[in-house]
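The file model01.cif contains mmCIF, C-alpha atoms:
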```cif
data_run
loop_
_atom_site.group_PDB
_atom_site.id
_atom_site.type_symbol
_atom_site.label_atom_id
_atom_site.label_comp_id
_atom_site.auth_asym_id
_atom_site.auth_seq_id
_atom_site.Cartn_x
_atom_site.Cartn_y
_atom_site.Cartn_z
ATOM 1 C CA MET A 1 26.056 -116.183 22.914
ATOM 2 C CA LYS A 2 22.450 -116.996 22.213
ATOM 3 C CA ASN A 3 20.489 -116.200 19.116
ATOM 4 C CA SER A 4 16.766 -116.024 19.923
ATOM 5 C CA GLU A 5 15.658 -115.209 16.361
ATOM 6 C CA SER A 6 12.855 -117.471 15.147
ATOM 7 C CA PRO A 7 12.450 -118.604 11.549
ATOM 8 C CA THR A 8 8.980 -117.005 11.276
ATOM 9 C CA SER A 9 9.479 -113.548 12.775
ATOM 10 C CA THR A 10 12.416 -111.276 13.516
ATOM 11 C CA LYS A 11 10.452 -108.360 14.919
ATOM 12 C CA HIS A 12 11.190 -109.260 18.535
ATOM 13 C CA SER A 13 14.427 -111.190 17.957
ATOM 14 C CA LEU A 14 17.211 -110.471 20.394
ATOM 15 C CA TRP A 15 20.958 -110.848 20.453
ATOM 16 C CA GLU A 16 22.309 -111.845 23.875
ATOM 17 C CA ILE A 17 25.975 -111.874 24.911
ATOM 18 C CA PHE A 18 27.058 -113.351 28.273
ATOM 19 C CA LEU A 19 30.461 -113.006 29.928
ATOM 20 C CA VAL A 20 31.087 -115.483 32.771
ATOM 21 C CA LYS A 21 34.002 -114.965 35.166
ATOM 22 C CA ASP A 22 35.983 -117.674 37.010
ATOM 23 C CA ASP A 23 34.126 -117.062 40.263
ATOM 24 C CA GLY A 24 30.796 -117.744 38.584
ATOM 25 C CA SER A 25 29.649 -114.133 38.267
ATOM 26 C CA TRP A 26 28.476 -113.050 34.851
ATOM 27 C CA ALA A 27 27.502 -110.031 32.806
ATOM 28 C CA GLY A 28 25.244 -109.901 29.838
ATOM 29 C CA PHE A 29 24.344 -107.683 26.917
ATOM 30 C CA ARG A 30 21.065 -107.797 25.056
ATOM 31 C CA MET A 31 19.975 -105.821 21.970
ATOM 32 C CA GLY A 32 17.220 -106.287 19.497
ATOM 33 C CA LEU A 33 18.156 -107.388 15.992
ATOM 34 C CA SER A 34 16.425 -104.360 14.443
ATOM 35 C CA SER A 35 18.490 -102.017 16.663
ATOM 36 C CA ILE A 36 21.665 -103.745 15.578
ATOM 37 C CA ARG A 37 20.696 -103.284 11.964
ATOM 38 C CA LYS A 38 19.973 -99.588 12.538
ATOM 39 C CA LEU A 39 23.285 -99.137 14.304
ATOM 40 C CA SER A 40 25.173 -100.867 11.507
ATOM 41 C CA ASN A 41 23.383 -98.683 8.962
ATOM 42 C CA TYR A 42 24.417 -95.551 10.895
ATOM 43 C CA LEU A 43 28.014 -96.747 11.038
ATOM 44 C CA VAL A 44 28.063 -97.421 7.290
ATOM 45 C CA LEU A 45 26.527 -93.978 6.635
ATOM 46 C CA ILE A 46 29.129 -92.290 8.834
ATOM 47 C CA LEU A 47 31.948 -94.121 7.060
ATOM 48 C CA CYS A 48 30.553 -93.080 3.664
ATOM 49 C CA LEU A 49 30.300 -89.438 4.771
ATOM 50 C CA LEU A 50 33.874 -89.534 6.084
ATOM 51 C CA ALA A 51 35.126 -91.021 2.814
ATOM 52 C CA LEU A 52 33.169 -88.447 0.784
ATOM 53 C CA SER A 53 34.491 -85.576 2.921
ATOM 54 C CA LEU A 54 38.069 -86.801 2.565
ATOM 55 C CA THR A 55 37.672 -87.130 -1.208
ATOM 56 C CA GLY A 56 36.168 -83.632 -1.431
ATOM 57 C CA TRP A 57 38.983 -82.155 0.680
ATOM 58 C CA ILE A 58 41.646 -83.762 -1.533
ATOM 59 C CA PHE A 59 39.906 -82.553 -4.713
ATOM 60 C CA ALA A 60 39.550 -79.024 -3.303
ATOM 61 C CA ARG A 61 43.261 -78.888 -2.460
ATOM 62 C CA TRP A 62 44.181 -80.080 -5.962
ATOM 63 C CA LYS A 63 41.797 -77.602 -7.612
ATOM 64 C CA MET A 64 43.178 -74.729 -5.528
ATOM 65 C CA SER A 65 46.711 -75.647 -6.586
ATOM 66 C CA GLN A 66 45.660 -75.620 -10.260
ATOM 67 C CA LEU A 67 43.909 -72.257 -9.874
ATOM 68 C CA ARG A 68 47.010 -70.762 -8.263
ATOM 69 C CA LYS A 69 49.123 -71.929 -11.214
ATOM 70 C CA ASP A 70 46.613 -70.500 -13.701
ATOM 71 C CA LEU A 71 46.524 -67.202 -11.803
ATOM 72 C CA THR A 72 50.315 -66.970 -11.814
ATOM 73 C CA LEU A 73 50.414 -67.585 -15.567
ATOM 74 C CA ALA A 74 47.679 -64.995 -16.114
ATOM 75 C CA HIS A 75 49.645 -62.412 -14.099
ATOM 76 C CA LEU A 76 52.774 -63.118 -16.162
ATOM 77 C CA GLU A 77 50.852 -62.768 -19.424
ATOM 78 C CA LEU A 78 49.235 -59.533 -18.222
ATOM 79 C CA ASP A 79 52.605 -58.096 -17.197
ATOM 80 C CA SER A 80 53.997 -59.001 -20.624
ATOM 81 C CA VAL A 81 51.078 -57.311 -22.418
ATOM 82 C CA ASN A 82 51.336 -54.207 -20.211
ATOM 83 C CA HIS A 83 55.051 -54.001 -20.936
ATOM 84 C CA GLU A 84 54.392 -54.133 -24.690
ATOM 85 C CA LEU A 85 51.585 -51.581 -24.517
ATOM 86 C CA LYS A 86 53.509 -49.217 -22.273
ATOM 87 C CA GLY A 87 55.588 -47.887 -25.131
ATOM 88 C CA LEU A 88 52.597 -47.637 -27.460
ATOM 89 C CA LYS A 89 50.587 -45.290 -25.263
ATOM 90 C CA LYS A 90 50.555 -41.674 -26.355
ATOM 91 C CA VAL A 91 51.798 -39.199 -23.804
ATOM 92 C CA LEU A 92 50.838 -35.541 -23.927
ATOM 93 C CA VAL A 93 53.931 -33.410 -23.401
ATOM 94 C CA GLY A 94 52.830 -29.820 -24.045
ATOM 95 C CA GLN A 95 51.575 -27.503 -26.794
ATOM 96 C CA GLU A 96 53.133 -26.076 -29.921
ATOM 97 C CA GLU A 97 51.952 -24.019 -32.862
ATOM 98 C CA SER A 98 51.059 -25.772 -36.094
ATOM 99 C CA PHE A 99 50.910 -24.214 -39.540
ATOM 100 C CA ASP A 100 48.832 -25.955 -42.200
ATOM 101 C CA VAL A 101 50.224 -25.061 -45.620
ATOM 102 C CA SER A 102 47.053 -26.193 -47.388
ATOM 103 C CA THR A 103 44.795 -23.687 -45.591
ATOM 104 C CA GLY A 104 47.350 -21.099 -44.511
ATOM 105 C CA GLU A 105 45.999 -21.193 -40.961
ATOM 106 C CA SER A 106 48.056 -21.323 -37.802
ATOM 107 C CA LYS A 107 46.685 -23.044 -34.714
ATOM 108 C CA PHE A 108 47.765 -24.555 -31.411
ATOM 109 C CA PHE A 109 47.434 -28.265 -30.747
ATOM 110 C CA GLU A 110 48.521 -30.754 -28.115
ATOM 111 C CA ARG A 111 51.984 -32.012 -29.036
ATOM 112 C CA GLU A 112 52.147 -35.755 -28.677
ATOM 113 C CA SER A 113 54.863 -38.327 -28.412
ATOM 114 C CA SER A 114 54.437 -42.021 -29.089
ATOM 115 C CA PHE A 115 56.499 -45.190 -29.288
ATOM 116 C CA LEU A 116 56.918 -44.895 -33.066
ATOM 117 C CA PRO A 117 55.474 -41.531 -34.135
ATOM 118 C CA SER A 118 56.415 -42.128 -37.772
ATOM 119 C CA LEU A 119 53.899 -44.947 -38.071
ATOM 120 C CA GLU A 120 50.945 -42.638 -37.536
ATOM 121 C CA ALA A 121 48.990 -42.121 -40.723
ATOM 122 C CA GLY A 122 48.683 -38.320 -40.797
ATOM 123 C CA ASP A 123 51.425 -35.891 -41.780
ATOM 124 C CA ARG A 124 52.622 -33.351 -39.243
ATOM 125 C CA TYR A 125 53.257 -29.691 -40.004
ATOM 126 C CA SER A 126 55.310 -27.087 -38.207
ATOM 127 C CA ALA A 127 55.311 -23.302 -37.988
ATOM 128 C CA LEU A 128 59.127 -23.333 -38.242
ATOM 129 C CA ILE A 129 59.983 -25.454 -41.273
ATOM 130 C CA GLU A 130 58.316 -27.039 -44.294
ATOM 131 C CA LEU A 131 59.246 -30.264 -46.085
ATOM 132 C CA LYS A 132 58.929 -30.304 -49.874
ATOM 133 C CA ASN A 133 59.519 -32.744 -52.739
ATOM 134 C CA PHE A 134 59.940 -35.755 -50.449
ATOM 135 C CA THR A 135 60.557 -38.954 -52.407
ATOM 136 C CA ALA A 136 62.032 -42.320 -51.443
ATOM 137 C CA LYS A 137 62.894 -44.916 -54.089
ATOM 138 C CA PHE A 138 64.242 -48.435 -53.772
ATOM 139 C CA MET A 139 66.529 -49.643 -56.555
ATOM 140 C CA SER A 140 66.090 -53.413 -56.723
ATOM 141 C CA SER A 141 69.155 -53.961 -58.895
ATOM 142 C CA SER A 142 71.592 -52.175 -56.573
ATOM 143 C CA LYS A 143 69.699 -52.783 -53.273
ATOM 144 C CA ARG A 144 69.751 -49.057 -52.568
ATOM 145 C CA VAL A 145 67.330 -46.449 -51.230
ATOM 146 C CA ASP A 146 67.513 -43.010 -52.834
ATOM 147 C CA LEU A 147 66.134 -40.215 -50.670
ATOM 148 C CA ASP A 148 65.410 -36.678 -51.868
ATOM 149 C CA PHE A 149 63.677 -33.797 -50.124
ATOM 150 C CA SER A 150 64.016 -30.090 -49.458
ATOM 151 C CA VAL A 151 63.628 -28.114 -46.244
ATOM 152 C CA GLU A 152 62.396 -24.546 -46.276
ATOM 153 C CA ARG A 153 62.560 -22.377 -43.192
ATOM 154 C CA LEU A 154 59.409 -20.372 -42.511
ATOM 155 C CA PRO A 155 59.398 -16.725 -41.302
ATOM 156 C CA PRO A 156 60.771 -15.305 -39.157
ATOM 157 C CA LYS A 157 64.124 -16.487 -40.508
ATOM 158 C CA GLU A 158 66.468 -15.245 -37.805
ATOM 159 C CA GLY A 159 69.912 -16.793 -37.282
ATOM 160 C CA GLN A 160 70.690 -20.451 -37.798
ATOM 161 C CA LYS A 161 68.654 -23.368 -36.548
ATOM 162 C CA LYS A 162 69.898 -26.924 -36.113
ATOM 163 C CA VAL A 163 67.561 -29.863 -36.774
ATOM 164 C CA PHE A 164 67.940 -33.637 -37.117
ATOM 165 C CA TRP A 165 66.251 -35.715 -39.800
ATOM 166 C CA ILE A 166 65.634 -39.480 -39.795
ATOM 167 C CA LEU A 167 64.159 -41.729 -42.463
ATOM 168 C CA LEU A 168 62.156 -44.768 -41.309
ATOM 169 C CA LEU A 169 61.046 -47.596 -43.587
ATOM 170 C CA HIS A 170 58.229 -49.673 -42.150
ATOM 171 C CA GLY A 171 55.982 -52.459 -43.286
ATOM 172 C CA SER A 172 55.143 -56.077 -42.489
ATOM 173 C CA PRO A 173 58.850 -57.068 -41.963
ATOM 174 C CA GLY A 174 59.258 -54.416 -39.247
ATOM 175 C CA VAL A 175 61.020 -51.047 -39.067
ATOM 176 C CA VAL A 176 64.475 -49.905 -40.184
ATOM 177 C CA SER A 177 65.986 -46.437 -39.804
ATOM 178 C CA PHE A 178 68.536 -44.401 -41.747
ATOM 179 C CA PRO A 179 70.752 -43.482 -40.090
ATOM 180 C CA LYS A 180 70.528 -46.070 -37.280
ATOM 181 C CA ALA A 181 68.476 -44.225 -34.669
ATOM 182 C CA LEU A 182 66.191 -46.869 -33.146
ATOM 183 C CA ALA A 183 66.586 -47.815 -29.499
ATOM 184 C CA SER A 184 65.536 -51.066 -27.863
ATOM 185 C CA ARG A 185 64.232 -49.547 -24.634
ATOM 186 C CA SER A 186 60.510 -48.914 -24.249
ATOM 187 C CA GLY A 187 59.595 -45.221 -24.445
ATOM 188 C CA GLU A 188 62.746 -44.269 -26.372
ATOM 189 C CA ALA A 189 62.175 -45.861 -29.744
ATOM 190 C CA VAL A 190 63.639 -42.968 -31.759
ATOM 191 C CA LEU A 191 66.912 -41.395 -30.617
ATOM 192 C CA PHE A 192 66.710 -38.079 -32.443
ATOM 193 C CA HIS A 193 70.327 -37.079 -31.740
ATOM 194 C CA ARG A 194 71.507 -40.029 -33.869
ATOM 195 C CA GLY A 195 69.831 -38.512 -36.904
ATOM 196 C CA GLU A 196 71.557 -36.484 -39.603
ATOM 197 C CA ALA A 197 72.214 -32.959 -38.363
ATOM 198 C CA LEU A 198 71.157 -30.112 -40.612
ATOM 199 C CA GLU A 199 71.889 -26.394 -40.169
ATOM 200 C CA LEU A 200 69.025 -24.304 -41.499
ATOM 201 C CA THR A 201 69.673 -20.823 -42.836
ATOM 202 C CA LYS A 202 67.374 -18.294 -44.475
ATOM 203 C CA SER A 203 67.421 -20.192 -47.774
ATOM 204 C CA SER A 204 65.976 -23.639 -48.409
ATOM 205 C CA ARG A 205 68.159 -26.747 -48.362
ATOM 206 C CA ASN A 206 68.016 -29.622 -50.830
ATOM 207 C CA ILE A 207 68.975 -33.003 -49.387
ATOM 208 C CA SER A 208 69.907 -36.173 -51.278
ATOM 209 C CA ALA A 209 71.074 -39.358 -49.574
ATOM 210 C CA GLN A 210 71.558 -43.011 -50.424
ATOM 211 C CA PHE A 211 71.321 -46.023 -48.115
ATOM 212 C CA ARG A 212 71.967 -49.723 -48.586
ATOM 213 C CA LEU A 213 68.908 -51.943 -47.975
ATOM 214 C CA SER A 214 69.047 -55.721 -48.406
ATOM 215 C CA GLY A 215 66.249 -58.208 -47.816
ATOM 216 C CA PHE A 216 63.664 -55.846 -46.303
ATOM 217 C CA VAL A 217 61.570 -55.244 -49.442
ATOM 218 C CA GLU A 218 61.874 -58.904 -50.454
ATOM 219 C CA LEU A 219 60.439 -59.973 -47.071
ATOM 220 C CA ALA A 220 57.494 -57.602 -47.516
ATOM 221 C CA GLY A 221 56.517 -59.358 -50.744
ATOM 222 C CA ALA A 222 53.235 -57.910 -51.998
ATOM 223 C CA ASP A 223 52.646 -55.937 -48.780
ATOM 224 C CA PRO A 224 53.149 -52.160 -48.974
ATOM 225 C CA VAL A 225 56.290 -50.540 -47.583
ATOM 226 C CA TYR A 226 56.194 -46.938 -46.358
ATOM 227 C CA ALA A 227 58.861 -44.290 -45.932
ATOM 228 C CA SER A 228 58.447 -41.723 -43.141
ATOM 229 C CA LEU A 229 60.676 -38.666 -42.853
ATOM 230 C CA LEU A 230 61.004 -37.173 -39.355
ATOM 231 C CA VAL A 231 62.566 -33.846 -38.426
ATOM 232 C CA TYR A 232 63.399 -33.045 -34.770
ATOM 233 C CA ASP A 233 64.656 -29.880 -33.149
ATOM 234 C CA GLU A 234 67.645 -29.731 -30.802
ATOM 235 C CA LYS A 235 65.439 -30.540 -27.785
ATOM 236 C CA GLY A 236 64.038 -33.710 -29.313
ATOM 237 C CA SER A 237 60.598 -32.327 -30.203
ATOM 238 C CA LEU A 238 59.120 -33.677 -33.418
ATOM 239 C CA LEU A 239 58.723 -30.691 -35.752
ATOM 240 C CA THR A 240 57.355 -32.262 -38.899
ATOM 241 C CA ARG A 241 56.642 -35.659 -40.394
ATOM 242 C CA GLN A 242 55.706 -36.873 -43.856
ATOM 243 C CA ARG A 243 54.844 -40.387 -44.959
ATOM 244 C CA ARG A 244 55.001 -41.717 -48.502
ATOM 245 C CA SER A 245 54.832 -45.124 -50.131
ATOM 246 C CA LEU A 246 58.273 -46.446 -51.013
ATOM 247 C CA GLU A 247 58.702 -46.468 -54.774
ATOM 248 C CA ILE A 248 60.185 -49.776 -55.927
ATOM 249 C CA LEU A 249 62.102 -49.644 -59.209
ATOM 250 C CA ARG A 250 62.799 -53.066 -60.700
#
```
Give the structure from the file, written as structure tokens.
Amino acid sequence: MKNSESPTSTKHSLWEIFLVKDDGSWAGFRMGLSSIRKLSNYLVLILCLLALSLTGWIFARWKMSQLRKDLTLAHLELDSVNHELKGLKKVLVGQEESFDVSTGESKFFERESSFLPSLEAGDRYSALIELKNFTAKFMSSSKRVDLDFSVERLPPKEGQKKVFWILLLHGSPGVVSFPKALASRSGEAVLFHRGEALELTKSSRNISAQFRLSGFVELAGADPVYASLLVYDEKGSLLTRQRRSLEILR
């Protein structure tokens, strides 16, 4: 191998490689030093690009794996939220006639059913019955709820009519029912047939009941606790509803 590079100039320097065989024949290779430098630069550039591409491919695979995990978690959270909201959506199930005792007017409205209809703020009136004198009191000393109300049947008063009433207490600690008529399945929060049956005749009925309640009011603390009285017919349609604040007697 012969290096023809001079100390003063490398512009025309050459690299020569000779291969000599046993029989005296030879082969040679000659390339300028500048060409060798260009070739080495190209090789280094190619190696850098290959390393960069490999690093980018590995990062892309890792990022895709992370995004798939995040997407799976998002789907699970969305399914959980949809499951919780499913029972809270109001479903229109027909029409019935409503009688407003304050105005004396009768009108038709869309009858609605919801996950916990008692928690709605407004009272509900019916053209069949009327609730009066509804009170609910909590006796702190005896841990007891005293319930009083009267039911008056509105004209026409023909034959007997069977209804079911349920008292719900609700506030920041949750919801409790008397009698026990809450279900755990979505869409069937109130099982009307577990309520107290009441046969209505032509005359009004006065109802008084007492229930044991321990710990619920204490958990509410300073937060308000409400009492909602629900009355269903034999088919499970909500006839009337009234909501009052639970009176707490120390």
A:Arg212, A:Lys161, A:Lys143, A:Arg37 ranked by distance to Pro179 in chain A, top pick (using only C-alpha atoms):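 Once distances to Pro179 in chain A are computed over only C-alpha atoms, the minimum belongs to A:Arg212.
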What gap, in Å, lies between CA of Leu200 in chain A and CA of Gln160 in chain A?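 These two atoms are separated by 5.6 Å.
Using only C-alpha atoms for every distance, the candidate list A:Phe211, A:Trp62, A:Tyr232, A:Tyr226 yields A:Tyr232 as the residue closest to Val190 in chain A.
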Neighbour residues at most 12 Å from (69.8, -47.2, -53.0) (all atoms listed in the file) as a PDB file with C-alpha atoms, in the coordinates of the input:
```
ATOM      1  CA  ALA A 136      62.032 -42.320 -51.443  1.00  0.00           C
ATOM      2  CA  LYS A 137      62.894 -44.916 -54.089  1.00  0.00           C
ATOM      3  CA  PHE A 138      64.242 -48.435 -53.772  1.00  0.00           C
ATOM      4  CA  MET A 139      66.529 -49.643 -56.555  1.00  0.00           C
ATOM      5  CA  SER A 140      66.090 -53.413 -56.723  1.00  0.00           C
ATOM      6  CA  SER A 141      69.155 -53.961 -58.895  1.00  0.00           C
ATOM      7  CA  SER A 142      71.592 -52.175 -56.573  1.00  0.00           C
ATOM      8  CA  LYS A 143      69.699 -52.783 -53.273  1.00  0.00           C
ATOM      9  CA  ARG A 144      69.751 -49.057 -52.568  1.00  0.00           C
ATOM     10  CA  VAL A 145      67.330 -46.449 -51.230  1.00  0.00           C
ATOM     11  CA  ASP A 146      67.513 -43.010 -52.834  1.00  0.00           C
ATOM     12  CA  LEU A 147      66.134 -40.215 -50.670  1.00  0.00           C
ATOM     13  CA  ASP A 148      65.410 -36.678 -51.868  1.00  0.00           C
ATOM     14  CA  PHE A 178      68.536 -44.401 -41.747  1.00  0.00           C
ATOM     15  CA  SER A 208      69.907 -36.173 -51.278  1.00  0.00           C
ATOM     16  CA  ALA A 209      71.074 -39.358 -49.574  1.00  0.00           C
ATOM     17  CA  GLN A 210      71.558 -43.011 -50.424  1.00  0.00           C
ATOM     18  CA  PHE A 211      71.321 -46.023 -48.115  1.00  0.00           C
ATOM     19  CA  ARG A 212      71.967 -49.723 -48.586  1.00  0.00           C
ATOM     20  CA  LEU A 213      68.908 -51.943 -47.975  1.00  0.00           C
ATOM     21  CA  SER A 214      69.047 -55.721 -48.406  1.00  0.00           C
ATOM     22  CA  LEU A 246      58.273 -46.446 -51.013  1.00  0.00           C
ATOM     23  CA  GLU A 247      58.702 -46.468 -54.774  1.00  0.00           C
ATOM     24  CA  ILE A 248      60.185 -49.776 -55.927  1.00  0.00           C
ATOM     25  CA  LEU A 249      62.102 -49.644 -59.209  1.00  0.00           C
ATOM     26  CA  ARG A 250      62.799 -53.066 -60.700  1.00  0.00           C
TER      27      ARG A 250
END
```
Expanded to explicit residues, what is the PyMOL selection byres ((chain A and resi 170) around 10) for this file, as a VMD selection string? chain A and resid 118 to 119 167 to 169 171 to 177 216 to 217 220 224 to 228 245 to 246
Hits of the PyMOL selection byres ((chain A and resi 236) around 9) in this structure, as a VMD selection string: chain A and resid 164 191 to 193 232 to 235 237 to 239
Restricted to C-alpha atoms, what would the selected residues look like written as a PDB file, keeping the file's coordinate frame?
```
ATOM      1  CA  PHE A 164      67.940 -33.637 -37.117  1.00  0.00           C
ATOM      2  CA  LEU A 191      66.912 -41.395 -30.617  1.00  0.00           C
ATOM      3  CA  PHE A 192      66.710 -38.079 -32.443  1.00  0.00           C
ATOM      4  CA  HIS A 193      70.327 -37.079 -31.740  1.00  0.00           C
ATOM      5  CA  TYR A 232      63.399 -33.045 -34.770  1.00  0.00           C
ATOM      6  CA  ASP A 233      64.656 -29.880 -33.149  1.00  0.00           C
ATOM      7  CA  GLU A 234      67.645 -29.731 -30.802  1.00  0.00           C
ATOM      8  CA  LYS A 235      65.439 -30.540 -27.785  1.00  0.00           C
ATOM      9  CA  SER A 237      60.598 -32.327 -30.203  1.00  0.00           C
ATOM     10  CA  LEU A 238      59.120 -33.677 -33.418  1.00  0.00           C
ATOM     11  CA  LEU A 239      58.723 -30.691 -35.752  1.00  0.00           C
TER      12      LEU A 239
END
```
Distance criterion (all atoms listed in the file): nearest to Ser203 in chain A out of A:Ala60, A:Ile36, A:Ile129, A:Leu54: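 Between A:Ala60, A:Ile36, A:Ile129, A:Leu54, the residue approaching Ser203 in chain A most closely is A:Ile129.
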From the options A:Ser53, A:Ser150, A:Ser80, A:Thr135, which residue's atoms come nearest to Ile207 in chain A, counting all atoms listed in the file?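 So, comparing all the options, the nearest one is A:Ser150.
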Six-sided padding of 8 Å per side, axis-aligned box over range 186-202 of chain A, centre and edges in Å, one decimal, as AutoDock Vina command-line options:
```
--center_x 65.9 --center_y -33.6 --center_z -34.4 --size_x 28.6 --size_y 46.6 --size_z 36.2
```
Restricting the calculation to all atoms listed in the file, which member of A:Arg244, A:Lys38, A:Arg194, A:Arg205 is positioned closest to Val151 in chain A? A:Arg205
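The closest residue to Phe149 in chain A, picked from A:Leu229, A:Leu52, A:Gly122, A:Leu73 and counting only C-alpha atoms, is A:Leu229.
Rounded to one decimal, CA of Glu77 in chain A and CA of Leu182 in chain A lie 26.0 Å from each other.
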Specify as a list in words each residue included when the PyMOL selection byres ((chain A and resi 241) around 6) is applied to this file.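 The output of the PyMOL selection byres ((chain A and resi 241) around 6) on this file is Asp123, Arg124, Leu229, Leu230, Thr240 and Gln242 of chain A.
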Coordinates-based distance that separates CA of Gly195 in chain A from CA of Ile166 in chain A (Å, one decimal): 5.2 Å
What would range 237-244 of chain A look like with all heavy atoms in place, written as an mmCIF file, keeping the file's coordinate frame?
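Resulting contents of result-v2.cif:
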```cif
data_model
loop_
_atom_site.group_PDB
_atom_site.id
_atom_site.type_symbol
_atom_site.label_atom_id
_atom_site.label_comp_id
_atom_site.auth_asym_id
_atom_site.auth_seq_id
_atom_site.Cartn_x
_atom_site.Cartn_y
_atom_site.Cartn_z
ATOM 1 N N SER A 237 62.014 -32.444 -29.850
ATOM 2 C CA SER A 237 60.598 -32.327 -30.203
ATOM 3 C C SER A 237 60.417 -32.591 -31.697
ATOM 4 O O SER A 237 61.204 -32.108 -32.526
ATOM 5 C CB SER A 237 60.069 -30.933 -29.858
ATOM 6 O OG SER A 237 60.156 -30.697 -28.467
ATOM 7 N N LEU A 238 59.398 -33.370 -32.016
ATOM 8 C CA LEU A 238 59.120 -33.677 -33.418
ATOM 9 C C LEU A 238 58.498 -32.456 -34.086
ATOM 10 O O LEU A 238 57.392 -32.031 -33.741
ATOM 11 C CB LEU A 238 58.177 -34.879 -33.513
ATOM 12 C CG LEU A 238 57.806 -35.341 -34.920
ATOM 13 C CD1 LEU A 238 59.040 -35.787 -35.685
ATOM 14 C CD2 LEU A 238 56.784 -36.469 -34.857
ATOM 15 N N LEU A 239 59.216 -31.880 -35.071
ATOM 16 C CA LEU A 239 58.723 -30.691 -35.752
ATOM 17 C C LEU A 239 57.768 -31.042 -36.882
ATOM 18 O O LEU A 239 56.666 -30.510 -36.973
ATOM 19 C CB LEU A 239 59.903 -29.881 -36.307
ATOM 20 C CG LEU A 239 60.871 -29.293 -35.274
ATOM 21 C CD1 LEU A 239 62.018 -28.577 -35.969
ATOM 22 C CD2 LEU A 239 60.139 -28.348 -34.332
ATOM 23 N N THR A 240 58.175 -31.932 -37.744
ATOM 24 C CA THR A 240 57.355 -32.262 -38.899
ATOM 25 C C THR A 240 57.579 -33.711 -39.292
ATOM 26 O O THR A 240 58.617 -34.306 -38.996
ATOM 27 C CB THR A 240 57.678 -31.328 -40.090
ATOM 28 O OG1 THR A 240 56.795 -31.633 -41.171
ATOM 29 C CG2 THR A 240 59.112 -31.493 -40.534
ATOM 30 N N ARG A 241 56.597 -34.266 -39.972
ATOM 31 C CA ARG A 241 56.642 -35.659 -40.394
ATOM 32 C C ARG A 241 55.849 -35.801 -41.690
ATOM 33 O O ARG A 241 54.754 -35.238 -41.834
ATOM 34 C CB ARG A 241 56.034 -36.557 -39.325
ATOM 35 C CG ARG A 241 55.849 -38.002 -39.756
ATOM 36 C CD ARG A 241 55.038 -38.794 -38.739
ATOM 37 N NE ARG A 241 53.696 -38.271 -38.602
ATOM 38 C CZ ARG A 241 53.173 -37.871 -37.449
ATOM 39 N NH1 ARG A 241 53.899 -37.909 -36.354
ATOM 40 N NH2 ARG A 241 51.941 -37.403 -37.397
ATOM 41 N N GLN A 242 56.420 -36.539 -42.627
ATOM 42 C CA GLN A 242 55.706 -36.873 -43.856
ATOM 43 C C GLN A 242 55.888 -38.353 -44.146
ATOM 44 O O GLN A 242 56.964 -38.913 -43.920
ATOM 45 C CB GLN A 242 56.207 -36.038 -45.036
ATOM 46 C CG GLN A 242 55.741 -34.594 -45.000
ATOM 47 C CD GLN A 242 56.025 -33.852 -46.294
ATOM 48 O OE1 GLN A 242 56.324 -34.473 -47.317
ATOM 49 N NE2 GLN A 242 55.927 -32.537 -46.264
ATOM 50 N N ARG A 243 54.822 -38.957 -44.638
ATOM 51 C CA ARG A 243 54.844 -40.387 -44.959
ATOM 52 C C ARG A 243 54.461 -40.585 -46.412
ATOM 53 O O ARG A 243 53.480 -40.011 -46.893
ATOM 54 C CB ARG A 243 53.894 -41.154 -44.050
ATOM 55 C CG ARG A 243 53.952 -42.660 -44.247
ATOM 56 C CD ARG A 243 53.069 -43.377 -43.268
ATOM 57 N NE ARG A 243 51.863 -43.898 -43.915
ATOM 58 C CZ ARG A 243 51.061 -44.805 -43.365
ATOM 59 N NH1 ARG A 243 51.338 -45.264 -42.158
ATOM 60 N NH2 ARG A 243 50.002 -45.226 -44.000
ATOM 61 N N ARG A 244 55.252 -41.405 -47.095
ATOM 62 C CA ARG A 244 55.001 -41.717 -48.502
ATOM 63 C C ARG A 244 55.174 -43.219 -48.713
ATOM 64 O O ARG A 244 55.868 -43.901 -47.947
ATOM 65 C CB ARG A 244 55.988 -40.972 -49.413
ATOM 66 C CG ARG A 244 55.942 -39.454 -49.292
ATOM 67 C CD ARG A 244 54.675 -38.899 -49.925
ATOM 68 N NE ARG A 244 54.695 -37.443 -49.896
ATOM 69 C CZ ARG A 244 54.204 -36.701 -48.922
ATOM 70 N NH1 ARG A 244 53.646 -37.305 -47.868
ATOM 71 N NH2 ARG A 244 54.234 -35.390 -48.972
#
```
